[in-house]
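Participant: So I've got this file, start-v6.txt, and it contains compact mmCIF, C-alpha atoms and all ligand atoms:
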```txt
# COMPACT_ATOMS: atom_id res chain seq x y z
CA MET P 23 -16.45 69.08 128.69
CA LYS P 24 -19.07 70.23 126.27
CA PRO P 25 -19.05 68.34 122.95
CA VAL P 26 -19.03 70.90 120.16
CA ALA P 27 -19.61 70.24 116.48
CA PRO P 28 -16.94 72.00 114.38
CA ASP P 29 -19.56 74.14 112.62
CA ARG P 30 -21.00 75.34 115.98
CA ILE P 31 -17.81 76.83 117.48
CA ASP P 32 -18.72 80.42 116.63
CA ALA P 33 -22.08 80.04 118.35
CA LEU P 34 -20.52 79.09 121.72
CA PRO P 35 -21.21 81.40 124.67
CA GLY P 36 -18.14 83.10 126.16
CA LYS P 37 -14.86 84.11 124.56
CA ARG P 38 -12.80 81.39 122.92
CA LEU P 39 -9.22 81.60 124.17
CA SER P 40 -6.21 80.86 122.03
CA GLU P 41 -2.94 79.87 123.75
CA SER P 42 -1.66 83.45 123.60
CA ASP P 43 -4.89 85.17 124.73
CA THR P 44 -5.07 86.57 128.23
CA PHE P 45 -7.93 87.42 130.54
CA ASN P 46 -8.02 89.35 133.81
CA PHE P 47 -8.91 87.29 136.79
CA ALA P 48 -8.23 86.80 140.50
CA CYS P 49 -10.41 85.08 143.08
CA HIS P 50 -10.09 85.71 146.81
CA ASP P 51 -12.18 85.85 149.95
CA GLY P 52 -12.13 89.67 149.97
CA LEU P 53 -14.57 89.79 147.05
CA ALA P 54 -18.28 90.25 147.73
CA CYS P 55 -19.05 87.31 145.44
CA PHE P 56 -16.90 84.87 147.45
CA ASN P 57 -18.46 81.38 147.23
CA GLN P 58 -21.43 82.64 145.19
CA CYS P 59 -20.29 80.49 142.27
CA CYS P 60 -20.47 77.22 144.25
CA ARG P 61 -24.21 76.75 143.84
CA ASN P 62 -26.82 75.75 141.31
CA LEU P 63 -24.20 74.39 138.93
CA ASN P 64 -24.20 71.90 136.11
CA LEU P 65 -20.88 70.59 137.36
CA PHE P 66 -19.59 67.78 135.16
CA LEU P 67 -17.36 65.20 136.83
CA TYR P 68 -14.86 63.18 134.84
CA PRO P 69 -13.31 59.88 135.97
CA TYR P 70 -10.21 61.53 137.44
CA ASP P 71 -12.45 63.91 139.43
CA VAL P 72 -14.25 60.96 141.01
CA LEU P 73 -10.92 59.27 141.75
CA ARG P 74 -9.65 62.36 143.61
CA LEU P 75 -12.88 63.20 145.40
CA LYS P 76 -13.59 59.69 146.68
CA LYS P 77 -10.05 59.57 148.08
CA ALA P 78 -10.46 62.96 149.72
CA LEU P 79 -13.71 61.80 151.31
CA ASN P 80 -12.24 58.39 152.19
CA ILE P 81 -15.13 56.52 150.61
CA THR P 82 -15.36 54.08 147.71
CA ALA P 83 -16.08 55.24 144.18
CA GLY P 84 -19.36 53.30 144.37
CA ASP P 85 -20.39 55.19 147.52
CA PHE P 86 -19.39 58.48 145.92
CA ILE P 87 -21.53 57.75 142.85
CA GLU P 88 -24.44 56.68 145.06
CA ARG P 89 -24.29 59.76 147.28
CA TYR P 90 -23.04 62.63 145.17
CA VAL P 91 -23.80 62.28 141.48
CA ASP P 92 -26.57 62.46 138.92
CA VAL P 93 -26.03 60.35 135.83
CA VAL P 94 -27.61 61.73 132.67
CA MET P 95 -27.66 60.62 129.05
CA ARG P 96 -27.45 63.36 126.43
CA PRO P 97 -29.51 62.81 123.29
CA ASP P 98 -26.42 63.11 121.07
CA ASN P 99 -24.18 60.65 122.97
CA PHE P 100 -24.26 56.99 123.95
CA PHE P 101 -22.30 57.18 127.19
CA PRO P 102 -23.74 58.94 130.24
CA ASP P 103 -22.46 62.19 131.69
CA VAL P 104 -21.88 62.46 135.41
CA LEU P 105 -22.82 65.63 137.29
CA LEU P 106 -22.31 66.56 140.91
CA SER P 107 -25.70 66.64 142.70
CA MET P 108 -26.35 69.98 144.31
CA ALA P 109 -27.76 70.03 147.85
CA ASP P 110 -31.51 69.92 148.31
CA ASN P 111 -31.82 73.47 149.67
CA ALA P 112 -33.20 76.74 148.31
CA GLU P 113 -29.88 77.82 146.82
CA LYS P 114 -28.90 74.36 145.58
CA THR P 115 -25.44 74.74 147.04
CA CYS P 116 -22.56 72.42 146.25
CA PRO P 117 -22.49 69.62 148.87
CA PHE P 118 -18.87 70.52 149.63
CA LEU P 119 -19.44 74.21 150.27
CA THR P 120 -18.86 75.35 153.86
CA ASP P 121 -18.95 78.79 155.52
CA THR P 122 -15.19 79.00 155.11
CA GLY P 123 -14.99 77.77 151.52
CA CYS P 124 -14.55 74.46 149.75
CA ALA P 125 -14.22 71.42 152.01
CA VAL P 126 -12.45 69.45 149.26
CA TYR P 127 -10.33 72.28 147.89
CA GLU P 128 -7.15 70.23 147.36
CA ASP P 129 -9.16 67.67 145.39
CA ARG P 130 -11.79 69.92 143.79
CA SER P 131 -12.89 68.92 140.33
CA TYR P 132 -11.39 69.93 137.00
CA SER P 133 -14.35 72.21 136.28
CA CYS P 134 -13.92 73.94 139.66
CA ARG P 135 -10.22 74.47 138.94
CA LEU P 136 -10.81 75.86 135.45
CA PHE P 137 -13.63 78.21 136.44
CA PRO P 138 -14.20 80.86 135.04
CA MET P 139 -12.72 79.07 132.04
CA GLU P 140 -14.72 76.21 130.56
CA GLN P 141 -13.44 73.37 128.46
CA GLY P 142 -15.12 72.25 125.27
CA VAL P 143 -14.28 69.30 123.07
CA ILE P 144 -14.56 69.66 119.33
CA MET P 145 -16.04 66.39 118.18
CA PRO P 146 -14.06 65.28 115.17
CA ASP P 147 -15.19 63.70 111.95
CA GLY P 148 -13.95 60.19 111.27
CA GLU P 149 -10.70 59.08 112.87
CA ALA P 150 -9.38 62.45 114.08
CA LYS P 151 -8.70 62.94 117.81
CA PRO P 152 -10.96 65.36 119.67
CA GLU P 153 -9.61 68.89 119.98
CA ILE P 154 -9.82 70.72 123.31
CA LEU P 155 -10.83 74.36 123.41
CA TYR P 156 -11.11 76.81 126.29
CA LEU P 157 -13.70 79.52 126.77
CA PHE P 158 -13.59 82.45 129.20
CA ARG P 159 -17.08 82.58 130.59
CA PRO P 160 -17.47 84.17 134.04
CA PRO P 161 -21.05 84.74 135.19
CA GLU P 162 -22.17 88.38 135.63
CA PHE P 163 -21.87 88.21 139.43
CA CYS P 164 -18.24 87.06 139.32
CA LEU P 165 -16.17 90.07 140.38
CA GLY P 166 -12.84 88.32 139.88
CA ARG P 167 -12.86 89.34 136.22
CA HIS P 168 -12.39 92.99 137.24
CA GLU P 169 -9.12 92.28 139.07
CA ASP P 170 -5.95 93.46 137.36
CA ARG P 171 -4.23 90.10 136.88
CA PRO P 172 -3.71 89.03 133.27
CA LEU P 173 -3.47 85.28 132.72
CA SER P 174 -3.16 83.01 129.73
CA PRO P 175 -5.04 79.67 129.78
CA ALA P 176 -1.77 77.84 130.56
CA GLN P 177 -0.96 80.22 133.42
CA TRP P 178 -4.40 79.73 134.94
CA ILE P 179 -4.11 75.94 134.62
CA ALA P 180 -0.72 76.06 136.36
CA ASP P 181 -2.03 78.42 139.04
CA GLN P 182 -4.82 75.98 139.79
CA GLN P 183 -2.51 72.93 139.75
CA ALA P 184 -4.74 71.47 137.07
CA GLU P 185 -2.09 70.03 134.73
CA THR P 186 -2.78 66.41 135.69
CA TYR P 187 -6.52 67.04 135.33
CA VAL P 188 -5.92 68.42 131.83
CA ARG P 189 -3.98 65.28 130.84
CA MET P 190 -6.47 62.85 132.35
CA THR P 191 -9.51 64.62 130.98
CA ARG P 192 -7.98 64.79 127.51
CA LEU P 193 -7.50 61.00 127.58
CA TRP P 194 -11.08 60.57 128.78
CA ALA P 195 -12.30 62.89 126.01
CA GLU P 196 -10.76 60.52 123.46
CA VAL P 197 -12.79 57.63 124.86
CA LYS P 198 -15.95 59.71 125.24
CA ALA P 199 -15.72 60.94 121.66
CA LEU P 200 -16.07 57.36 120.43
CA PHE P 201 -19.54 57.29 121.96
CA SER P 202 -20.94 59.83 119.55
CA ALA P 203 -21.77 56.64 117.60
CA ASP P 204 -24.02 53.96 119.07
CA PRO P 205 -22.09 50.77 119.91
CA TRP P 206 -24.78 49.12 122.00
CA GLY P 207 -27.17 47.66 119.44
CA ALA P 208 -30.45 46.23 120.68
CA ALA P 209 -29.36 46.22 124.37
CA GLY P 210 -29.18 50.01 124.29
CA PRO P 211 -27.12 52.41 126.42
CA TYR P 212 -28.59 51.02 129.68
CA GLY P 213 -27.82 47.39 128.88
CA PRO P 214 -25.29 45.11 130.67
CA ALA P 215 -22.34 46.00 128.40
CA ALA P 216 -22.97 49.73 128.86
CA LYS P 217 -23.08 49.26 132.64
CA MET P 218 -19.72 47.46 132.55
CA ALA P 219 -18.16 50.28 130.53
CA PHE P 220 -19.53 52.87 132.98
CA MET P 221 -18.09 50.90 135.88
CA ALA P 222 -14.66 50.78 134.25
CA ALA P 223 -14.67 54.55 133.75
CA TYR P 224 -16.15 55.82 137.00
CA ASN P 225 -16.29 53.08 139.60
CA MET P 226 -12.61 52.16 139.81
CA ASP P 227 -13.01 50.18 143.05
CA ALA P 228 -15.60 47.88 141.46
CA PHE P 229 -13.42 47.70 138.33
CA ARG P 230 -10.40 46.63 140.42
CA ASP P 231 -12.52 43.85 141.91
CA PHE P 232 -13.62 42.85 138.39
CA VAL P 233 -10.01 42.73 137.15
CA PHE P 234 -8.55 40.77 140.06
CA ASN P 235 -11.47 38.71 141.39
CA SER P 236 -13.37 37.50 138.33
CA GLY P 237 -12.41 35.53 135.23
CA PHE P 238 -11.03 38.74 133.69
CA LEU P 239 -7.38 37.60 133.63
CA LYS P 240 -8.36 34.28 132.03
CA ARG P 241 -9.88 36.20 129.14
CA TYR P 242 -7.41 39.05 128.74
CA LYS P 243 -3.61 39.07 128.54
CA VAL P 244 -2.11 41.75 130.79
CA LYS P 245 1.63 41.99 131.51
CA SER P 246 2.62 41.31 135.11
CA ALA P 247 4.34 44.73 135.31
CA THR P 248 1.05 46.33 134.31
CA LEU P 249 -0.84 44.30 136.92
CA GLN P 250 1.58 45.51 139.59
CA LYS P 251 0.89 49.10 138.63
CA LEU P 252 -2.86 48.49 138.71
CA ARG P 253 -2.65 47.12 142.23
CA ALA P 254 -0.66 50.14 143.40
CA SER P 255 -2.35 53.05 141.67
CA ASP P 256 -5.96 54.14 141.14
CA THR P 257 -4.79 56.40 138.31
CA GLU P 258 -3.15 53.50 136.47
CA LEU P 259 -6.30 51.47 137.01
CA MET P 260 -8.43 54.27 135.60
CA LEU P 261 -6.24 54.56 132.49
CA PHE P 262 -6.30 50.78 132.10
CA GLY P 263 -10.10 51.02 132.34
CA PHE P 264 -10.09 53.49 129.43
CA ASP P 265 -8.10 51.00 127.35
CA TRP P 266 -10.36 48.15 128.36
CA ILE P 267 -13.47 50.13 127.31
CA LYS P 268 -11.90 50.77 123.91
CA LEU P 269 -11.13 47.06 123.49
CA PHE P 270 -14.36 45.72 125.02
CA VAL P 271 -16.71 48.06 123.18
CA TRP P 272 -14.84 48.98 120.03
CA GLY P 273 -12.19 46.26 119.56
CA ILE P 274 -9.39 48.85 119.71
CA LYS P 275 -6.10 47.25 120.79
CA SER P 276 -3.55 48.79 123.17
CA ASP P 277 -0.20 47.90 124.74
CA ARG P 278 -1.81 47.40 128.12
CA ILE P 279 -4.36 44.71 127.29
CA ARG P 280 -5.32 42.22 124.62
CA LEU P 281 -7.56 39.21 124.27
CA LYS P 282 -5.97 35.81 124.99
S1 LIG G 301 -17.75 84.34 141.71
FE1 LIG G 301 -15.73 84.47 140.69
S2 LIG G 301 -14.45 85.81 141.94
FE2 LIG G 301 -16.28 85.28 143.14
S3 LIG G 301 -15.62 83.52 144.36
FE3 LIG G 301 -16.51 82.68 142.48
S4 LIG G 301 -14.81 82.46 141.04
FE4 LIG G 301 -14.12 83.78 142.72
S1 LIG G 302 -16.28 71.38 144.93
FE1 LIG G 302 -15.56 73.16 146.07
S2 LIG G 302 -14.93 74.62 144.49
FE2 LIG G 302 -16.22 73.10 143.49
S3 LIG G 302 -18.29 73.95 143.52
FE3 LIG G 302 -18.06 72.66 145.33
S4 LIG G 302 -17.41 74.04 146.98
FE4 LIG G 302 -17.07 75.09 145.03
```
Using structure tokens, write down the structure that the file contains.
Ligand code: SF4
Ligand code: SF4
Facilitator:
Amino acid sequence: MKPVAPDRIDALPGKRLSESDTFNFACHDGLACFNQCCRNLNLFLYPYDVLRLKKALNITAGDFIERYVDVVMRPDNFFPDVLLSMADNAEKTCPFLTDTGCAVYEDRSYSCRLFPMEQGVIMPDGEAKPEILYLFRPPEFCLGRHEDRPLSPAQWIADQQAETYVRMTRLWAEVKALFSADPWGAAGPYGPAAKMAFMAAYNMDAFRDFVFNSGFLKRYKVKSATLQKLRASDTELMLFGFDWIKLFVWGIKSDRIRLK
């Protein structure tokens, strides 16, 4: 999810795809490049990716973050980006790559599903919502682009069962876009408030504990129907976390939560 300034769109690498554009692509294990793309990647992980991957691996979100991610702060943003750590070997392979393919295929990340498309987010001026754009950007070694299978962006997203990822990442992009301005003041983007916001976005198990086992519900009003959903669903909890970040950091109200 690359943030793109509106006046930089034409300078983006790859071909920008409109809804009606098509590209040729098919990926299968008969191609000589099979699995070559799963190495040495800057693979961004969004909150819904972590939610799916930690479930697939049957570990907590905190353990996943500890074991599998690098957290980096871009100079032009005030909320960290999360990248999958590549293995410490000569080829810097993805930690989930096996001889037979992807060990977490059913729960692979949004970026893995979109590849060889990439998603960018046009950072808006003022109050406008961020706009999502797609680029077709296969690396030279990717032979799938020579296959005779025309696809539109929507067809590729459906083929990869990425519709939920699109929705969740779009909602996350709205939160992330707010952090193009600095909300942290003197404490900075590594201060206690910033750590809480990061937890709410990425460490949903710790956030659940914070919601249900701290003074959280004395401070915030949350409907009992909402609380039931939060207990039952990591996805609901993640979306609630997005709303809480908006309220906690920016004072933006929502239907899910308000101050008492
Ligand atoms: S390089 Fe392209 S065609 Fe080859 S395995 Fe990766 S995505 Fe598929
Ligand atoms: S998660 Fe799976 S699809 Fe994605 S880079 Fe790793 S091995 Fe490849």
Participant: Just want the residues within 10 Å of ligand LIG 301 (chain G), written as a ChimeraX atom specification, counting all atoms listed in the file.
Facilitator: /P:47-61,123,134-139,160-169
Participant: Step by step, measure atom-to-atom distances between ligand LIG 302 (chain G) and each residue using all atoms listed in the file, keep those at most 6 Å, then write them as a PyMOL selection string.
Facilitator: chain P and resi 60+116+118-119+124+126-127+130+134
Participant: Residues as selected, C-alpha atoms, written as a tab-separated table (two decimals), in the frame of the given file, can you do that?
Facilitator:
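Final output, part35.tsv:
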```tsv
chain	number	residue	atom	x	y	z
P	60	CYS	CA	-20.47	77.22	144.25
P	116	CYS	CA	-22.56	72.42	146.25
P	118	PHE	CA	-18.87	70.52	149.63
P	119	LEU	CA	-19.44	74.21	150.27
P	124	CYS	CA	-14.55	74.46	149.75
P	126	VAL	CA	-12.45	69.45	149.26
P	127	TYR	CA	-10.33	72.28	147.89
P	130	ARG	CA	-11.79	69.92	143.79
P	134	CYS	CA	-13.92	73.94	139.66
```
Participant: So that I can see what lies close to Tyr187 (chain P), please list as an mmCIF file with C-alpha atoms, in the coordinates of the input the residues with an atom at most 9 Å from it, counting only C-alpha atoms and leaving out residues fewer than 4 positions away in the same chain.
Facilitator:
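The new file around_25.cif reads:
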```
data_model
loop_
_atom_site.group_PDB
_atom_site.id
_atom_site.type_symbol
_atom_site.label_atom_id
_atom_site.label_comp_id
_atom_site.auth_asym_id
_atom_site.auth_seq_id
_atom_site.Cartn_x
_atom_site.Cartn_y
_atom_site.Cartn_z
ATOM 1 C CA TYR P 70 -10.210 61.530 137.440
ATOM 2 C CA ASP P 71 -12.450 63.910 139.430
ATOM 3 C CA SER P 131 -12.890 68.920 140.330
ATOM 4 C CA TYR P 132 -11.390 69.930 137.000
ATOM 5 C CA GLN P 183 -2.510 72.930 139.750
ATOM 6 C CA THR P 191 -9.510 64.620 130.980
ATOM 7 C CA ARG P 192 -7.980 64.790 127.510
#
```
Participant: List the neighbours of region 264-274 of chain P out to 9 Å using only C-alpha atoms; skip same-chain residues closer than 4 positions along the sequence, and give me the result as a list in words.
Facilitator: Leu193, Trp194, Val197, Leu200, Pro205, Trp206, Ala215, Ala216, Met218, Ala219, Phe220, Ala222, Ala223, Leu259, Met260, Arg278, Ile279, Arg280 and Leu281 of chain P
Participant: Can you work out the spacing between CA of Asp103 (chain P) and CA of Phe66 (chain P) in Å, to one decimal?
Facilitator: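 Between CA of Asp103 (chain P) and CA of Phe66 (chain P) the gap works out to 7.2 Å.
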Participant: With all atoms listed in the file as the atoms that count, which of P:Lys282, P:Thr257, P:Ala176, P:Pro69 lies nearest to Tyr242 (chain P)?
Facilitator: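 When distances to Tyr242 (chain P) are compared using all atoms listed in the file, the smallest one comes from P:Lys282.
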Participant: With all atoms listed in the file as the basis for distance, which of P:Lys37, P:Lys217, P:Asp277, P:Gln250 is at the shortest distance from Leu157 (chain P)?
Facilitator: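 Nearest candidate to Leu157 (chain P) out of P:Lys37, P:Lys217, P:Asp277, P:Gln250: P:Lys37.
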Participant: Interatomic distance between CA of Glu128 (chain P) and CA of Arg189 (chain P)?
Facilitator: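 Answer for the CA of Glu128 (chain P) to CA of Arg189 (chain P) separation: 17.5 Å.
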Participant: One number please: CA of Thr115 (chain P) to CA of Ile81 (chain P), in Å, one decimal.
Facilitator: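 Straight-line distance from CA of Thr115 (chain P) to CA of Ile81 (chain P) works out to 21.2 Å.
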Participant: Which protein, DNA or RNA residues have an atom at most 10 Å from (1.8, 50.0, 129.2), counting all atoms listed in the file? List them as a list in words.
Facilitator: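 Result, sorted by chain then residue number: Val244, Lys245, Ala247, Thr248, Leu249, Lys251, Glu258, Leu261, Phe262, Ser276, Asp277, Arg278 and Ile279 of chain P.
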Participant: Using all atoms listed in the file, which residue out of P:Met226, P:Leu106, P:Ala199, P:Leu239 lies closest to Asp256 (chain P)?
Facilitator: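 Of all the options, P:Met226 lies closest to Asp256 (chain P).
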Participant: Rank P:Ile87, P:Val94, P:Ala78, P:Ala195 by their smallest atom-to-atom distance to Asn64 (chain P), using all atoms listed in the file, and report the top residue only.
Facilitator: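 Ranked by minimum distance to Asn64 (chain P), first place goes to P:Val94.
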